[in-house]
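What follows is a set of notes on a single structure, which appears directly below.
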Amino acid sequence: MSFTFKNFPADRDDLRSDVLAGLAACPKSIPPKYFYDEAGCRLFESICAQPEYALTRTEGALLRARLGEIAAAIGAVDCIVEPGAGECAKVRLLLPALHPSHLVVLDIAGGPLSAAAESLSRDHPGLAVTALGMDFIRDLDAAAPHLAEGRRLIYYPGSSIGNFAPDAAATLLTRFRRLAGTAGQLLIGFDLKKDPLQLHAAYNDAAGVTAAFNLNLLERLNRELDADFDTSRFRHYAFYNPTAGRIEMHLASLAAQDVSVAGQRFHFALGETLHTENSYKFRRDEFSAIATNAGWPLKAEWELDGFAVQLYGNAD
Ligand code: AVJ
């Protein structure tokens with residue numbers, strides 16, 4: 001068994017400067033990558049188990065049902081790279097079908113990632129596992145020296161790509177292309193456009209887990225940036241914006257109030273929102289147009305119950 005963990009310097013400065021800039025902007029916003037402190041990671045896992053949030057379960061069912069076909073389309077792989085691997089549960093499905101020699105998992109939440117990757121590594125004695133605690137959105141190139149040579153597969157499941165507006169998604173996919181190399185492939189999963197009420201319910205679960213996940217961002221700022229948000233004076237507000245084709249998550253101020261963050265004061269008007277996440281939904285052709293423009297030719301695709309998985313790379 002071989003397991004390596006490297007944590008890139010925890011960028012408390014990035015959190016501070018991104019949050020201060022986002023609160024000073026109009027409208028106010030904070031990048032969704034900052035949801036994932038330890039509590040946020042646990043809340044996200046709990047969202048995935050909510051009955052209204054079918055995304056993760058459907059992707060798992062699709063991969064299980066079509067695994068043979070997917071593996072045949074991919075062919076031989078030496079190194080799988082998964083950005084945003086989190087609990088490393090999704091890549092476990094692929095390993096028995098693809099049996100790579102190397103697995104490199106990346107996540108901004110280094111602590112939870114390293115625990116999950118080490119446990120995966122114990123279950124796969126022949127596999128060399130490298131876990132990198134890093135913000136791959138900011139600096140994907142830092143991962144390059146840790147990849148194995150040979151045929152690389154970038155695995156980006158779970159509709160994580162939906163957090164990016166089309167331009168930013170294209171930029172990230174271009175960086176994936178450079179990291180994978182010309183013989184590299186990309187296996188990516190994303191949520192499809194569907195009944196807006198079904199989408200609405202997925203981000204407004206009855207148990208209130210998504211609300212807790214959203215509000216945890218304020219608690220994180222209280223803990224890490226010496227902020228004084230009163231979470232009872234903010235409302236989780238998520239809705240599907242059909243024009244933009246995305247779920248928007250906001251925290252709406254229930255009063256006119258001042259908040260202090262890292263020594264600076266910010267005013268919220270009654271009803272003003274802090275925009276915390278976009279979650280884009282695509283049609284298959286819409287998404288493949290973005291990926292193709294980013295240098296990835298489409299090789300194959302699969303669909304189940306409103307979720308799609310596409311495979312990109314050069315034909316052999
Ligand atoms: C991890 C970005 C795919 O957008 O559906 C779940 C995060 N936010 N519920 C998503 C999330 C609220 C999730 N992604």
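For the structure tokens, the naming scheme is as follows: chains receive sequential letters (A, B, ...) according to their order of presentation, residues are indexed from 1 within each chain, and ligands are indexed from 1 in presentation order.
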
Chain A residues near ligand 1 within 9 Å, closest pair each, using only C-alpha atoms and all ligand atoms, as a tab-separated table:
```
residue	atom	partner	partner_atom_place_in_ligand_line	distance
A:Pro32	CA	ligand 1	2 (C)	7.9
A:Lys33	CA	ligand 1	2 (C)	8.8
A:Phe35	CA	ligand 1	8 (N)	8.9
A:Phe44	CA	ligand 1	6 (C)	6.5
A:Ile47	CA	ligand 1	9 (N)	6.3
A:Cys48	CA	ligand 1	6 (C)	7.5
A:Tyr53	CA	ligand 1	9 (N)	7.7
A:Leu55	CA	ligand 1	5 (O)	7.3
A:Thr56	CA	ligand 1	3 (C)	8.5
A:Gly84	CA	ligand 1	1 (C)	8.7
A:Pro157	CA	ligand 1	3 (C)	8.4
A:Gly158	CA	ligand 1	3 (C)	5.2
A:Ser159	CA	ligand 1	3 (C)	4.4
A:Ser160	CA	ligand 1	3 (C)	4.1
A:Ile161	CA	ligand 1	2 (C)	7.1
A:Gly162	CA	ligand 1	2 (C)	6.1
A:Asn163	CA	ligand 1	2 (C)	5.2
A:Phe164	CA	ligand 1	2 (C)	8.9
A:Phe190	CA	ligand 1	3 (C)	8.1
A:Asp191	CA	ligand 1	5 (O)	8.1
A:Ala202	CA	ligand 1	9 (N)	7.3
A:Tyr203	CA	ligand 1	9 (N)	5.5
A:Asn204	CA	ligand 1	9 (N)	8.6
A:Val209	CA	ligand 1	9 (N)	8.7
A:Thr210	CA	ligand 1	12 (C)	5.7
A:Ala211	CA	ligand 1	12 (C)	8.5
A:Phe213	CA	ligand 1	12 (C)	7.4
A:Asn214	CA	ligand 1	12 (C)	7.5
A:Ala238	CA	ligand 1	12 (C)	8.7
A:Ile247	CA	ligand 1	4 (O)	7.7
A:Met249	CA	ligand 1	12 (C)	7.5
A:Glu277	CA	ligand 1	8 (N)	7.1
A:Asn278	CA	ligand 1	4 (O)	6.9
A:Ser279	CA	ligand 1	4 (O)	4.4
A:Tyr280	CA	ligand 1	4 (O)	7.5
```

Would you mind exporting N, CA and C atoms of the selected residues as a short mmCIF file (atom, residue, chain, number, x, y, z; two decimals), in the first residue's frame?
```cif
data_model
loop_
_atom_site.label_atom_id
_atom_site.label_comp_id
_atom_site.auth_asym_id
_atom_site.auth_seq_id
_atom_site.Cartn_x
_atom_site.Cartn_y
_atom_site.Cartn_z
N PRO A 32 -18.43 29.63 -3.70
CA PRO A 32 -18.95 28.44 -3.02
C PRO A 32 -17.87 27.50 -2.48
N LYS A 33 -16.63 27.64 -2.97
CA LYS A 33 -15.58 26.74 -2.45
C LYS A 33 -15.37 26.93 -0.95
N PHE A 35 -17.64 26.98 1.29
CA PHE A 35 -18.59 26.19 2.10
C PHE A 35 -17.88 25.06 2.86
N PHE A 44 -22.52 18.68 3.55
CA PHE A 44 -22.69 18.33 2.14
C PHE A 44 -22.98 16.83 1.99
N ILE A 47 -26.54 16.37 2.73
CA ILE A 47 -27.40 16.80 1.61
C ILE A 47 -27.56 15.65 0.62
N CYS A 48 -26.45 14.98 0.32
CA CYS A 48 -26.47 13.91 -0.69
C CYS A 48 -27.36 12.75 -0.27
N TYR A 53 -32.63 15.38 -2.90
CA TYR A 53 -31.38 15.62 -3.64
C TYR A 53 -30.95 14.30 -4.29
N LEU A 55 -29.34 13.85 -7.12
CA LEU A 55 -28.17 13.98 -8.01
C LEU A 55 -27.10 12.90 -7.75
N THR A 56 -26.63 12.82 -6.51
CA THR A 56 -25.53 11.91 -6.18
C THR A 56 -25.94 10.44 -6.35
N GLY A 84 -11.63 17.77 -6.36
CA GLY A 84 -12.83 17.89 -5.52
C GLY A 84 -13.35 16.55 -5.06
N PRO A 157 -16.83 14.22 -11.29
CA PRO A 157 -18.23 13.81 -11.17
C PRO A 157 -19.05 14.79 -10.34
N GLY A 158 -20.31 14.44 -10.11
CA GLY A 158 -21.12 15.12 -9.10
C GLY A 158 -21.67 16.47 -9.50
N SER A 159 -21.52 16.85 -10.77
CA SER A 159 -21.97 18.17 -11.22
C SER A 159 -21.24 19.31 -10.51
N SER A 160 -20.02 19.05 -10.05
CA SER A 160 -19.22 20.13 -9.48
C SER A 160 -19.00 21.24 -10.51
N ILE A 161 -18.92 20.86 -11.79
CA ILE A 161 -18.70 21.85 -12.86
C ILE A 161 -19.83 22.87 -12.88
N GLY A 162 -21.01 22.49 -12.34
CA GLY A 162 -22.16 23.39 -12.30
C GLY A 162 -21.94 24.63 -11.44
N ASN A 163 -20.93 24.60 -10.58
CA ASN A 163 -20.64 25.79 -9.78
C ASN A 163 -20.05 26.94 -10.59
N PHE A 164 -19.64 26.64 -11.84
CA PHE A 164 -18.95 27.65 -12.64
C PHE A 164 -19.85 28.18 -13.75
N PHE A 190 -22.77 15.69 -14.92
CA PHE A 190 -23.45 16.96 -14.64
C PHE A 190 -24.97 16.77 -14.63
N ASP A 191 -25.62 17.65 -13.90
CA ASP A 191 -27.06 17.62 -13.74
C ASP A 191 -27.72 18.27 -14.96
N ALA A 202 -34.79 20.12 -4.59
CA ALA A 202 -33.48 19.54 -4.28
C ALA A 202 -32.62 20.50 -3.46
N TYR A 203 -32.88 21.80 -3.58
CA TYR A 203 -32.08 22.80 -2.85
C TYR A 203 -32.88 23.44 -1.71
N ASN A 204 -34.04 22.84 -1.43
CA ASN A 204 -34.89 23.29 -0.32
C ASN A 204 -35.45 22.06 0.39
N VAL A 209 -31.37 20.64 5.68
CA VAL A 209 -29.91 20.41 5.65
C VAL A 209 -29.22 21.40 4.70
N THR A 210 -29.85 21.67 3.55
CA THR A 210 -29.24 22.64 2.63
C THR A 210 -29.21 24.03 3.27
N ALA A 211 -30.25 24.36 4.01
CA ALA A 211 -30.27 25.66 4.73
C ALA A 211 -29.12 25.70 5.74
N PHE A 213 -26.34 24.03 5.60
CA PHE A 213 -25.09 24.08 4.81
C PHE A 213 -24.80 25.53 4.39
N ASN A 214 -25.83 26.21 3.93
CA ASN A 214 -25.67 27.60 3.48
C ASN A 214 -25.31 28.50 4.67
N ALA A 238 -33.04 29.67 -1.87
CA ALA A 238 -32.54 29.03 -3.09
C ALA A 238 -33.68 28.88 -4.08
N ILE A 247 -29.56 27.03 -10.47
CA ILE A 247 -30.02 27.26 -9.10
C ILE A 247 -29.15 28.38 -8.54
N MET A 249 -28.23 30.14 -4.86
CA MET A 249 -28.38 30.10 -3.41
C MET A 249 -27.94 31.44 -2.85
N GLU A 277 -23.94 30.70 -4.01
CA GLU A 277 -23.65 29.62 -4.97
C GLU A 277 -24.53 29.71 -6.20
N ASN A 278 -23.93 29.35 -7.34
CA ASN A 278 -24.69 29.04 -8.55
C ASN A 278 -24.48 27.57 -8.85
N SER A 279 -25.54 26.93 -9.29
CA SER A 279 -25.43 25.52 -9.65
C SER A 279 -26.09 25.37 -11.01
N TYR A 280 -25.26 25.45 -12.06
CA TYR A 280 -25.78 25.43 -13.43
C TYR A 280 -26.27 24.04 -13.80
#
```

Please report as a tab-separated table every residue of region 54-158 of chain A lying within 12 Å of region 165-175 of chain A, along with the nearest atom pair and their distance in Å (one decimal), using only C-alpha atoms.
```
residue	atom	partner	partner_atom	distance
A:Pro83	CA	A:Leu172	CA	10.9
A:Phe136	CA	A:Leu172	CA	9.4
A:Ile137	CA	A:Leu172	CA	7.3
A:Arg138	CA	A:Leu172	CA	9.8
A:Asp139	CA	A:Arg175	CA	9.7
A:Leu140	CA	A:Arg175	CA	7.3
A:Asp141	CA	A:Arg175	CA	8.1
A:Ala142	CA	A:Arg175	CA	11.6
A:Ala143	CA	A:Arg175	CA	11.3
A:Ala144	CA	A:Arg175	CA	10.8
A:Ile154	CA	A:Leu173	CA	10.1
A:Tyr155	CA	A:Leu173	CA	11.5
A:Tyr156	CA	A:Leu173	CA	10.0
```

Of the candidates A:His200, A:His267, A:Arg66, A:Lys194, which shows the shortest atom-to-atom distance to Ala25 (chain A), using only C-alpha atoms?
->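 For Ala25 (chain A), the nearest of the given residues is A:His267.
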
Which of region 143-269 of chain A counts as strand (DSSP E) under DSSP, as number ranges by chain please?
-> A: 152-156, 185-191, 234-241, 246-253, 257-261, 264-268

Enumerate the residues of region 109-220 of chain A with a DSSP assignment of helix (DSSP H, G or I), computed from the backbone, and present them as an MDAnalysis selection string.
-> chainID A and resid 110:123 140:146 160:163 166:180 196:202 209:220

Give me the residues within 8 Å of Gln310 (chain A) as JSON, numbers by chain, counting only C-alpha atoms and dropping any in the same chain fewer than 6 places off.
-> {"A": [187, 188, 189, 298, 299, 300, 301, 302]}

Counting only C-alpha atoms, figure out which residue out of A:Leu93, A:Ala291, A:Leu311, A:Cys88 gets nearest to Asp107 (chain A).
-> A:Cys88
